[in-house]
file model-v9.cif (mmCIF, C-alpha atoms)
data_structure
loop_
_atom_site.label_atom_id
_atom_site.label_comp_id
_atom_site.auth_asym_id
_atom_site.auth_seq_id
_atom_site.Cartn_x
_atom_site.Cartn_y
_atom_site.Cartn_z
CA MET A 9 5.65 20.08 -16.97
CA ALA A 10 3.88 18.62 -20.00
CA SER A 11 1.21 20.51 -21.87
CA ILE A 12 -1.82 18.49 -22.96
CA THR A 13 -5.38 19.47 -23.83
CA LEU A 14 -8.88 18.79 -22.57
CA GLY A 15 -11.45 19.51 -25.25
CA GLY A 16 -8.79 21.52 -27.08
CA ASN A 17 -8.07 23.70 -24.04
CA PRO A 18 -4.51 23.61 -22.67
CA ILE A 19 -3.89 21.96 -19.30
CA HIS A 20 -0.64 20.90 -17.67
CA THR A 21 0.84 18.01 -15.77
CA SER A 22 3.13 18.04 -12.75
CA GLY A 23 6.22 17.08 -14.76
CA GLU A 24 7.57 14.91 -17.53
CA LEU A 25 7.05 11.18 -17.88
CA PRO A 26 9.88 8.92 -16.73
CA LYS A 27 12.44 8.28 -19.45
CA ILE A 28 12.62 5.09 -21.49
CA GLY A 29 15.51 2.98 -20.23
CA THR A 30 15.09 4.06 -16.59
CA LYS A 31 13.59 1.99 -13.80
CA LEU A 32 9.99 2.59 -12.83
CA ALA A 33 9.86 4.16 -9.38
CA ASP A 34 8.41 1.98 -6.64
CA PHE A 35 4.82 2.78 -5.74
CA LYS A 36 2.13 2.12 -3.17
CA LEU A 37 -1.30 1.83 -4.74
CA VAL A 38 -4.54 0.52 -3.29
CA LYS A 39 -6.08 -2.71 -4.59
CA ASN A 40 -9.82 -3.44 -4.70
CA ASP A 41 -9.62 -5.20 -1.33
CA LEU A 42 -7.96 -2.05 0.17
CA SER A 43 -4.60 -3.78 0.57
CA ILE A 44 -1.48 -2.09 -0.75
CA ALA A 45 0.29 -3.10 -3.97
CA THR A 46 3.91 -2.20 -4.63
CA LEU A 47 6.09 -2.62 -7.69
CA SER A 48 7.83 -5.60 -6.10
CA ASP A 49 4.49 -7.45 -6.04
CA PHE A 50 4.79 -7.68 -9.82
CA SER A 51 8.50 -8.52 -10.08
CA GLY A 52 9.45 -10.76 -12.98
CA LYS A 53 6.37 -9.70 -14.99
CA LYS A 54 6.09 -7.33 -17.91
CA LEU A 55 3.64 -4.56 -17.08
CA VAL A 56 1.37 -2.36 -19.13
CA LEU A 57 0.33 0.58 -16.96
CA ASN A 58 -2.92 2.01 -18.32
CA ILE A 59 -3.23 5.30 -16.40
CA PHE A 60 -6.28 7.54 -16.77
CA PRO A 61 -8.37 10.23 -15.01
CA SER A 62 -11.50 8.26 -14.05
CA ILE A 63 -13.08 4.89 -14.80
CA ASP A 64 -16.45 6.67 -15.09
CA THR A 65 -15.65 8.47 -18.35
CA GLY A 66 -16.16 7.03 -21.82
CA THR A 67 -12.56 7.02 -23.05
CA CYS A 68 -11.18 5.68 -19.78
CA ALA A 69 -13.74 2.88 -19.74
CA THR A 70 -12.91 2.04 -23.35
CA SER A 71 -9.19 1.77 -22.57
CA VAL A 72 -9.89 -0.64 -19.71
CA ARG A 73 -12.12 -2.76 -21.97
CA LYS A 74 -9.55 -2.86 -24.79
CA PHE A 75 -6.63 -3.72 -22.53
CA ASN A 76 -8.79 -6.36 -20.82
CA GLU A 77 -9.31 -8.01 -24.23
CA SER A 78 -5.59 -7.84 -25.06
CA ALA A 79 -4.53 -9.15 -21.65
CA THR A 80 -5.94 -12.60 -22.39
CA GLN A 81 -3.24 -13.06 -25.05
CA LEU A 82 -0.30 -11.67 -23.08
CA GLU A 83 1.90 -14.26 -21.39
CA THR A 84 4.00 -13.08 -18.43
CA THR A 85 2.42 -9.63 -18.82
CA LEU A 86 -0.05 -7.90 -16.52
CA VAL A 87 -2.16 -4.87 -17.33
CA LEU A 88 -2.43 -2.46 -14.39
CA CYS A 89 -5.27 0.05 -14.69
CA ILE A 90 -4.44 3.03 -12.48
CA SER A 91 -6.62 6.02 -11.60
CA ARG A 92 -7.51 8.23 -8.64
CA ASP A 93 -10.95 6.55 -8.42
CA LEU A 94 -11.88 4.84 -5.20
CA PRO A 95 -11.20 1.08 -5.36
CA PHE A 96 -14.95 0.52 -4.91
CA ALA A 97 -15.72 2.39 -8.16
CA GLN A 98 -13.06 0.42 -10.04
CA LYS A 99 -14.42 -2.87 -8.69
CA ARG A 100 -18.03 -1.90 -9.48
CA PHE A 101 -17.16 -0.97 -13.07
CA CYS A 102 -15.18 -4.13 -13.76
CA GLY A 103 -17.85 -6.30 -12.15
CA ALA A 104 -20.60 -4.73 -14.24
CA GLU A 105 -18.52 -5.08 -17.41
CA GLY A 106 -17.24 -8.60 -16.73
CA ILE A 107 -13.65 -7.37 -16.81
CA GLU A 108 -11.37 -9.93 -15.15
CA ASN A 109 -8.02 -9.74 -16.97
CA VAL A 110 -6.65 -6.46 -15.60
CA VAL A 111 -5.49 -5.38 -12.16
CA ASN A 112 -7.13 -2.20 -10.88
CA LEU A 113 -5.05 0.03 -8.63
CA SER A 114 -6.02 3.31 -7.03
CA ASP A 115 -3.86 6.36 -6.41
CA PHE A 116 -6.62 7.95 -4.31
CA GLN A 117 -4.85 8.18 -0.95
CA ASP A 118 -2.26 10.84 -1.75
CA GLY A 119 -1.77 10.93 -5.51
CA SER A 120 1.90 10.06 -5.05
CA PHE A 121 1.98 7.79 -8.13
CA GLY A 122 0.86 10.63 -10.40
CA LYS A 123 3.18 13.12 -8.77
CA THR A 124 6.23 10.81 -8.82
CA ASN A 125 5.75 10.00 -12.50
CA GLY A 126 4.97 13.57 -13.59
CA LEU A 127 1.49 12.80 -14.85
CA GLU A 128 -0.80 14.48 -12.32
CA ILE A 129 -2.97 17.19 -13.90
CA VAL A 130 -2.23 20.47 -12.09
CA ASP A 131 -4.77 22.89 -13.60
CA GLY A 132 -8.09 22.97 -15.39
CA LYS A 133 -11.28 21.04 -14.66
CA LEU A 134 -9.46 17.74 -14.01
CA ALA A 135 -6.80 19.14 -11.67
CA GLY A 136 -5.67 16.51 -9.17
CA LEU A 137 -6.46 13.55 -11.42
CA ASN A 138 -3.93 11.53 -13.40
CA SER A 139 -3.58 12.26 -17.11
CA ARG A 140 -4.00 9.59 -19.78
CA VAL A 141 -0.66 7.79 -20.01
CA ILE A 142 0.63 4.38 -21.01
CA ILE A 143 3.88 3.09 -19.51
CA VAL A 144 5.23 -0.34 -20.46
CA VAL A 145 7.80 -1.94 -18.18
CA ASP A 146 9.87 -5.05 -18.91
CA GLU A 147 10.33 -7.93 -16.46
CA ASN A 148 13.30 -6.12 -14.88
CA GLY A 149 11.30 -2.97 -14.07
CA THR A 150 12.84 -0.97 -16.91
CA ILE A 151 10.57 1.38 -18.83
CA VAL A 152 10.46 0.40 -22.51
CA TYR A 153 7.57 2.58 -23.74
CA THR A 154 5.70 5.71 -22.67
CA GLU A 155 2.85 7.66 -24.20
CA GLN A 156 1.33 10.87 -22.87
CA VAL A 157 -1.93 11.18 -24.82
CA PRO A 158 -1.91 14.81 -26.01
CA GLU A 159 -5.71 15.28 -25.98
CA ILE A 160 -7.06 13.67 -22.82
CA ALA A 161 -10.36 12.71 -24.50
CA ASN A 162 -8.49 10.58 -27.07
CA GLU A 163 -7.56 6.93 -26.70
CA PRO A 164 -3.94 5.82 -26.40
CA ASN A 165 -2.11 4.00 -29.18
CA TYR A 166 -2.86 0.44 -28.05
CA GLU A 167 -0.96 -1.19 -30.91
CA ALA A 168 2.26 0.74 -30.24
CA ALA A 169 2.13 -0.05 -26.52
CA LEU A 170 1.54 -3.75 -27.08
CA ALA A 171 4.11 -4.00 -29.90
CA VAL A 172 7.03 -3.46 -27.47
CA LEU A 173 6.06 -6.60 -25.57
#
call {"tool": "encode", "arguments": {"input": "model-v9.cif", "output": "structure tokens"}}
result
Amino acid sequence: MASITLGGNPIHTSGELPKIGTKLADFKLVKNDLSIATLSDFSGKKLVLNIFPSIDTGTCATSVRKFNESATQLETTLVLCISRDLPFAQKRFCGAEGIENVVNLSDFQDGSFGKTNGLEIVDGKLAGLNSRVIIVVDENGTIVYTEQVPEIANEPNYEAALAVL
């Protein structure tokens, strides 16, 4: 269980992030068209997983915008933006913002992605949502970078995440 904060108040996650050097666990997440995406759908690609509580908060929206900008310069790399939001909300936000360079995926059905990767918030006002985390995976599915943002209202370290690519 990791301890993070929300507005300076302690909250906790369901476990620890996966270790660098291990394989990312397979997942089933919902795409904007309600079809299912799995890890194998992205095989051979480097992945930046931008995981956050909700697209409808300022910091989460900023992270999607910033990774969308960076994604245009990343060859053989995809940015996956993952939250518990409904796919419709993710699609609406990206459409309104003109965001086209990231892949939105939803963990809304059962939260298994957050639980499996130890990043689901288990107490406090955001209980049940995913915490703010960056996981970078190489083309073989091996985790090469992780960041659990200690204060959920803060942005991740974009430069450090992108530097490992």
call {"tool": "resolve_selection", "arguments": {"input": "model-v9.cif", "expression": "the PyMOL selection byres ((chain A and resi 60) around 8)", "output": "list of chain:residue names"}}
result
A:Asn58, A:Ile59, A:Pro61, A:Ser62, A:Ile63, A:Cys68, A:Cys89, A:Ile90, A:Ser91, A:Asn138, A:Ser139, A:Arg140, A:Val141
call {"tool": "write_last_selection", "arguments": {"input": "model-v9.cif", "atoms": "C-alpha atoms", "output": "JSON list (two decimals), keeping the file's coordinate frame"}}
result
[["chain", "number", "residue", "atom", "x", "y", "z"],
["A", 58, "ASN", "CA", -2.92, 2.01, -18.32],
["A", 59, "ILE", "CA", -3.23, 5.30, -16.40],
["A", 61, "PRO", "CA", -8.37, 10.23, -15.01],
["A", 62, "SER", "CA", -11.50, 8.26, -14.05],
["A", 63, "ILE", "CA", -13.08, 4.89, -14.80],
["A", 68, "CYS", "CA", -11.18, 5.68, -19.78],
["A", 89, "CYS", "CA", -5.27, 0.05, -14.69],
["A", 90, "ILE", "CA", -4.44, 3.03, -12.48],
["A", 91, "SER", "CA", -6.62, 6.02, -11.60],
["A", 138, "ASN", "CA", -3.93, 11.53, -13.40],
["A", 139, "SER", "CA", -3.58, 12.26, -17.11],
["A", 140, "ARG", "CA", -4.00, 9.59, -19.78],
["A", 141, "VAL", "CA", -0.66, 7.79, -20.01]]
call {"tool": "resolve_selection", "arguments": {"input": "model-v9.cif", "expression": "the PyMOL selection byres ((chain A and resi 92) around 6)", "output": "list in words"}}
result
Ser91, Asp93, Ser114, Asp115 and Phe116 of chain A
call {"tool": "resolve_selection", "arguments": {"input": "model-v9.cif", "expression": "the PyMOL selection byres ((chain A and resi 78) around 12)", "output": "VMD selection string"}}
result
chain A and resid 56 71 to 77 79 to 83 85 to 87 107 to 110 166 to 167 169 to 171 173
call {"tool": "closest_atom_pairs", "arguments": {"input": "model-v9.cif", "of": "stretch 86-115 of chain A", "to": "stretch 39-42 of chain A", "cutoff": "8 Å", "atoms": "all atoms listed in the file", "output": "tab-separated table"}}
result
residue	atom	partner	partner_atom	distance
A:Pro95	CA	A:Asn40	CA	4.8
A:Phe96	CA	A:Asn40	CA	6.5
A:Gln98	CA	A:Asn40	CA	7.3
A:Lys99	CA	A:Asn40	CA	6.1
A:Asn112	CA	A:Lys39	CA	6.4
A:Leu113	CA	A:Lys39	CA	5.0
A:Ser114	CA	A:Lys39	CA	6.5
call {"tool": "atom_distance", "arguments": {"input": "model-v9.cif", "atom1": "atom CA of A:Ser11", "atom2": "atom CA of A:Ala97"}}
result
28.3 Å
call {"tool": "residues_around", "arguments": {"input": "model-v9.cif", "residues": "A:Val144", "least_positions_apart": "5", "cutoff": "8 Å", "atoms": "all atoms listed in the file", "output": "list in words"}}
result
Lys54, Leu55, Val56, Leu57, Ile151, Val152, Tyr153, Thr154, Ala169 and Val172 of chain A
call {"tool": "write_last_selection", "arguments": {"input": "model-v9.cif", "atoms": "C-alpha atoms", "output": "PDB file, in the frame of the given file"}}
result
ATOM      1  CA  LYS A  54       6.090  -7.330 -17.910  1.00  0.00           C
ATOM      2  CA  LEU A  55       3.640  -4.560 -17.080  1.00  0.00           C
ATOM      3  CA  VAL A  56       1.370  -2.360 -19.130  1.00  0.00           C
ATOM      4  CA  LEU A  57       0.330   0.580 -16.960  1.00  0.00           C
ATOM      5  CA  ILE A 151      10.570   1.380 -18.830  1.00  0.00           C
ATOM      6  CA  VAL A 152      10.460   0.400 -22.510  1.00  0.00           C
ATOM      7  CA  TYR A 153       7.570   2.580 -23.740  1.00  0.00           C
ATOM      8  CA  THR A 154       5.700   5.710 -22.670  1.00  0.00           C
ATOM      9  CA  ALA A 169       2.130  -0.050 -26.520  1.00  0.00           C
ATOM     10  CA  VAL A 172       7.030  -3.460 -27.470  1.00  0.00           C
TER      11      VAL A 172
END
call {"tool": "atom_distance", "arguments": {"input": "model-v9.cif", "atom1": "atom CA of A:Ile12", "atom2": "atom CA of A:Lys123"}}
result
16.0 Å
call {"tool": "closest_residue", "arguments": {"input": "model-v9.cif", "among": "A:Leu137, A:Leu25, A:Ile19, A:Leu47", "to": "A:Gln156", "atoms": "all atoms listed in the file"}}
result
A:Leu25
call {"tool": "atom_distance", "arguments": {"input": "model-v9.cif", "atom1": "atom CA of A:Glu159", "atom2": "atom CA of A:Thr70"}}
result
15.3 Å
call {"tool": "closest_residue", "arguments": {"input": "model-v9.cif", "among": "A:Ala168, A:Gly103, A:Met9, A:Val111", "to": "A:Pro26", "atoms": "only C-alpha atoms"}}
result
A:Met9
call {"tool": "closest_residue", "arguments": {"input": "model-v9.cif", "among": "A:Leu94, A:Ala10, A:Ile143, A:Ile28", "to": "A:Asp118", "atoms": "only C-alpha atoms"}}
result
A:Leu94
call {"tool": "closest_residue", "arguments": {"input": "model-v9.cif", "among": "A:Gly132, A:Gly29, A:Pro164, A:Gly149", "to": "A:Gly15", "atoms": "only C-alpha atoms"}}
result
A:Gly132
